[in-house]
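This report concerns only the one structure given below.
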Amino acid sequence: MQTVLVTGAAGFIGFHLASRLLREGHDVIGVDNLNGYYDVTLKQARLVELQKSPKFRFYKCDIADGAMLNQLFEEWQPQTVVNLAAQAGVRYSLHNPSVYIQSNIVGFGHILEGCRNHGVQHLVFASSSSVYGANTKMPFSVHDNVDHPVSLYAASKKSNELMAHAYAHLYGLPVTGLRFFTVYGPWGRPDMALFLFTKAILEERPIDVFNSGKMERDFTYVDDVVEGIVRVMNRPPNSNSSRLGESPDPGTSRAPYKIYNIGNNRPVQLLKFINVLEEALGISAIKNLVPAQPGDVPVTYADVDDLISETGFKPDTPIEVGIRRFVDWYRAYYRV
């Protein structure tokens, strides 16, 4: 059993990961700043669930606070760190760029320093499918170049990958980055489409359907994401001097560094996603078709060949199952 530091532990994915690790008997040190980006009471409710385990310790801490974060590294000496703390949201980054710099750049720098200075055996961190930006080759592969982000959020995540690679190269720190593709499921974020749509439909309000519903997303169920995280946690990358050459492949490195996509490998049109939600709710949505927003990309589609070949796992929960589970949770949690 390990001591695992999970940042963003009160967040959507962080909560599910911490729950899984606690069930497996690990000691989990949870860190979260409980910011007001979305409903804090939902974050607190997640923490109440986690705190039922005596193996969970929670600290309210912003990863941009390097001094406090360093104290936690010194006190707990975690073997593994999973960094899921970040300012999320593509559209929010259009109006609040400084928040992304502080959390996603400065904060991640403190995570790297903590890992370097305290002998962490493996750092796993959340990247995003947003890094593929203006890429049009499908499916998106970790072996493709990702130098054309179309939002500051995406740029901050690409920056995390570059910073992590530098630390892996300079200090031999084993680092794995995970590009998540549109994660959804119970206890999900209220700013994301499934939550917004469900709330509006139940309240008989119209929903805004961007790009007239023609955009496609590789919707990935949260349990599949957690399974992917756990699989790679147990596989820290090794240095390999035979990698690279005159034409370096973005998906390889001589350093102990690896990137994986975690996606369902099955893009779904937004209108189809809404139709499945309508069936789960038993209510038809009032749709307000609107143009795409700045920073949106038309399609996301994950190539997960590396994840399958190296961990033996392929995310495969269909939206019909995942959406039903979300609706059941939403009705129970909000007593609808």
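Following the order of the structure tokens, first chain is A, next is B, and so on, with residues numbered from 1 inside each chain and ligands from 1 in the order they appear.
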Please, which residues in segment 110-197 of chain A fall within 10 Å of segment 94-103 of chain A when counting only C-alpha atoms, and what is the closest atom pair and distance in Å to one decimal for each, ordered by chain then residue number, as a Markdown table?
| residue | atom | partner | partner_atom | distance |
| --- | --- | --- | --- | --- |
| A:His110 | CA | A:Ser103 | CA | 9.9 |
| A:Ser151 | CA | A:Leu94 | CA | 7.4 |
| A:Leu152 | CA | A:Pro97 | CA | 7.0 |
| A:Tyr153 | CA | A:Tyr100 | CA | 6.8 |
| A:Ala155 | CA | A:Tyr100 | CA | 9.7 |
| A:Ser156 | CA | A:Tyr100 | CA | 7.1 |
| A:Lys157 | CA | A:Tyr100 | CA | 9.7 |
Can I get the selection written as a compact mmCIF listing (two decimals), in the first residue's frame, with N, CA and C atoms?
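So result-v9.txt came out as:
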# COMPACT_ATOMS: atom_id res chain seq x y z
N HIS A 110 5.07 24.21 -8.58
CA HIS A 110 5.27 23.82 -7.18
C HIS A 110 5.12 22.31 -6.99
N SER A 151 -7.03 27.82 -27.07
CA SER A 151 -7.51 28.48 -25.85
C SER A 151 -6.36 28.55 -24.86
N LEU A 152 -6.44 29.48 -23.93
CA LEU A 152 -5.40 29.57 -22.90
C LEU A 152 -5.40 28.33 -22.03
N TYR A 153 -6.58 27.78 -21.77
CA TYR A 153 -6.65 26.53 -21.00
C TYR A 153 -5.82 25.45 -21.66
N ALA A 155 -3.40 25.84 -23.80
CA ALA A 155 -1.98 26.22 -23.75
C ALA A 155 -1.37 25.92 -22.39
N SER A 156 -2.16 26.13 -21.33
CA SER A 156 -1.63 25.85 -19.98
C SER A 156 -1.39 24.35 -19.80
N LYS A 157 -2.23 23.53 -20.39
CA LYS A 157 -2.05 22.09 -20.28
C LYS A 157 -0.85 21.61 -21.11
Go through segment 165-237 of chain A residue by residue and, counting only C-alpha atoms, keep those with an atom at most 10 Å from segment 294-299 of chain A; for each kept residue give the shortest atom pair and its distance in Å to one decimal, ordered by chain and increasing number, as JSON lines.
{"residue": "A:Phe210", "atom": "CA", "partner": "A:Asp296", "partner_atom": "CA", "distance": 9.2}
{"residue": "A:Asn211", "atom": "CA", "partner": "A:Pro298", "partner_atom": "CA", "distance": 8.2}
{"residue": "A:Lys214", "atom": "CA", "partner": "A:Pro298", "partner_atom": "CA", "distance": 7.7}
{"residue": "A:Met215", "atom": "CA", "partner": "A:Pro298", "partner_atom": "CA", "distance": 4.8}
{"residue": "A:Glu216", "atom": "CA", "partner": "A:Val299", "partner_atom": "CA", "distance": 4.6}
{"residue": "A:Arg217", "atom": "CA", "partner": "A:Val299", "partner_atom": "CA", "distance": 5.8}
{"residue": "A:Asp218", "atom": "CA", "partner": "A:Val299", "partner_atom": "CA", "distance": 8.0}
Expected file contents, prior selection, N, CA, C and O atoms, as a PDB file, in the first residue's frame:
ATOM      1  N   PHE A 210     -24.471  24.335 -28.589  1.00  0.00           N
ATOM      2  CA  PHE A 210     -23.462  25.034 -29.381  1.00  0.00           C
ATOM      3  C   PHE A 210     -23.187  24.328 -30.702  1.00  0.00           C
ATOM      4  O   PHE A 210     -23.287  23.104 -30.813  1.00  0.00           O
ATOM      5  N   ASN A 211     -22.830  25.127 -31.690  1.00  0.00           N
ATOM      6  CA  ASN A 211     -22.553  24.647 -33.047  1.00  0.00           C
ATOM      7  C   ASN A 211     -23.740  23.843 -33.583  1.00  0.00           C
ATOM      8  O   ASN A 211     -23.568  22.894 -34.351  1.00  0.00           O
ATOM      9  N   LYS A 214     -23.791  20.007 -33.817  1.00  0.00           N
ATOM     10  CA  LYS A 214     -23.034  19.218 -34.798  1.00  0.00           C
ATOM     11  C   LYS A 214     -21.652  18.816 -34.289  1.00  0.00           C
ATOM     12  O   LYS A 214     -21.004  17.960 -34.900  1.00  0.00           O
ATOM     13  N   MET A 215     -21.182  19.452 -33.225  1.00  0.00           N
ATOM     14  CA  MET A 215     -19.863  19.084 -32.716  1.00  0.00           C
ATOM     15  C   MET A 215     -19.895  17.657 -32.166  1.00  0.00           C
ATOM     16  O   MET A 215     -20.938  17.159 -31.733  1.00  0.00           O
ATOM     17  N   GLU A 216     -18.747  16.999 -32.192  1.00  0.00           N
ATOM     18  CA  GLU A 216     -18.630  15.629 -31.703  1.00  0.00           C
ATOM     19  C   GLU A 216     -17.597  15.580 -30.584  1.00  0.00           C
ATOM     20  O   GLU A 216     -16.552  16.229 -30.669  1.00  0.00           O
ATOM     21  N   ARG A 217     -17.913  14.813 -29.556  1.00  0.00           N
ATOM     22  CA  ARG A 217     -17.014  14.680 -28.422  1.00  0.00           C
ATOM     23  C   ARG A 217     -16.819  13.204 -28.082  1.00  0.00           C
ATOM     24  O   ARG A 217     -17.741  12.397 -28.181  1.00  0.00           O
ATOM     25  N   ASP A 218     -15.611  12.890 -27.647  1.00  0.00           N
ATOM     26  CA  ASP A 218     -15.276  11.535 -27.220  1.00  0.00           C
ATOM     27  C   ASP A 218     -15.618  11.438 -25.728  1.00  0.00           C
ATOM     28  O   ASP A 218     -14.740  11.475 -24.868  1.00  0.00           O
TER      29      ASP A 218
END
Shortest contact to Ile283 of chain A, candidates A:Thr198, A:Thr311, A:Gln269, A:Ser128, atoms counted only C-alpha atoms, goes to A:Thr198
(request) Find the spatial neighbours of Ala9 of chain A, counting only C-alpha atoms, within a cut-off of 10 Å - ignore same-chain residues fewer than 5 positions away - and output them as a PyMOL selection string. (result) chain A and resi 14-19+28-34+43+46-47+50+58-60+82-85
From atom CA of Ile111 of chain A to atom CA of Asp65 of chain A the spacing works out at 10.2 Å
Between atom CA of Lys137 of chain A and atom CA of Arg91 of chain A, what is the distance, to one decimal in Å?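 The value is 23.7 Å.
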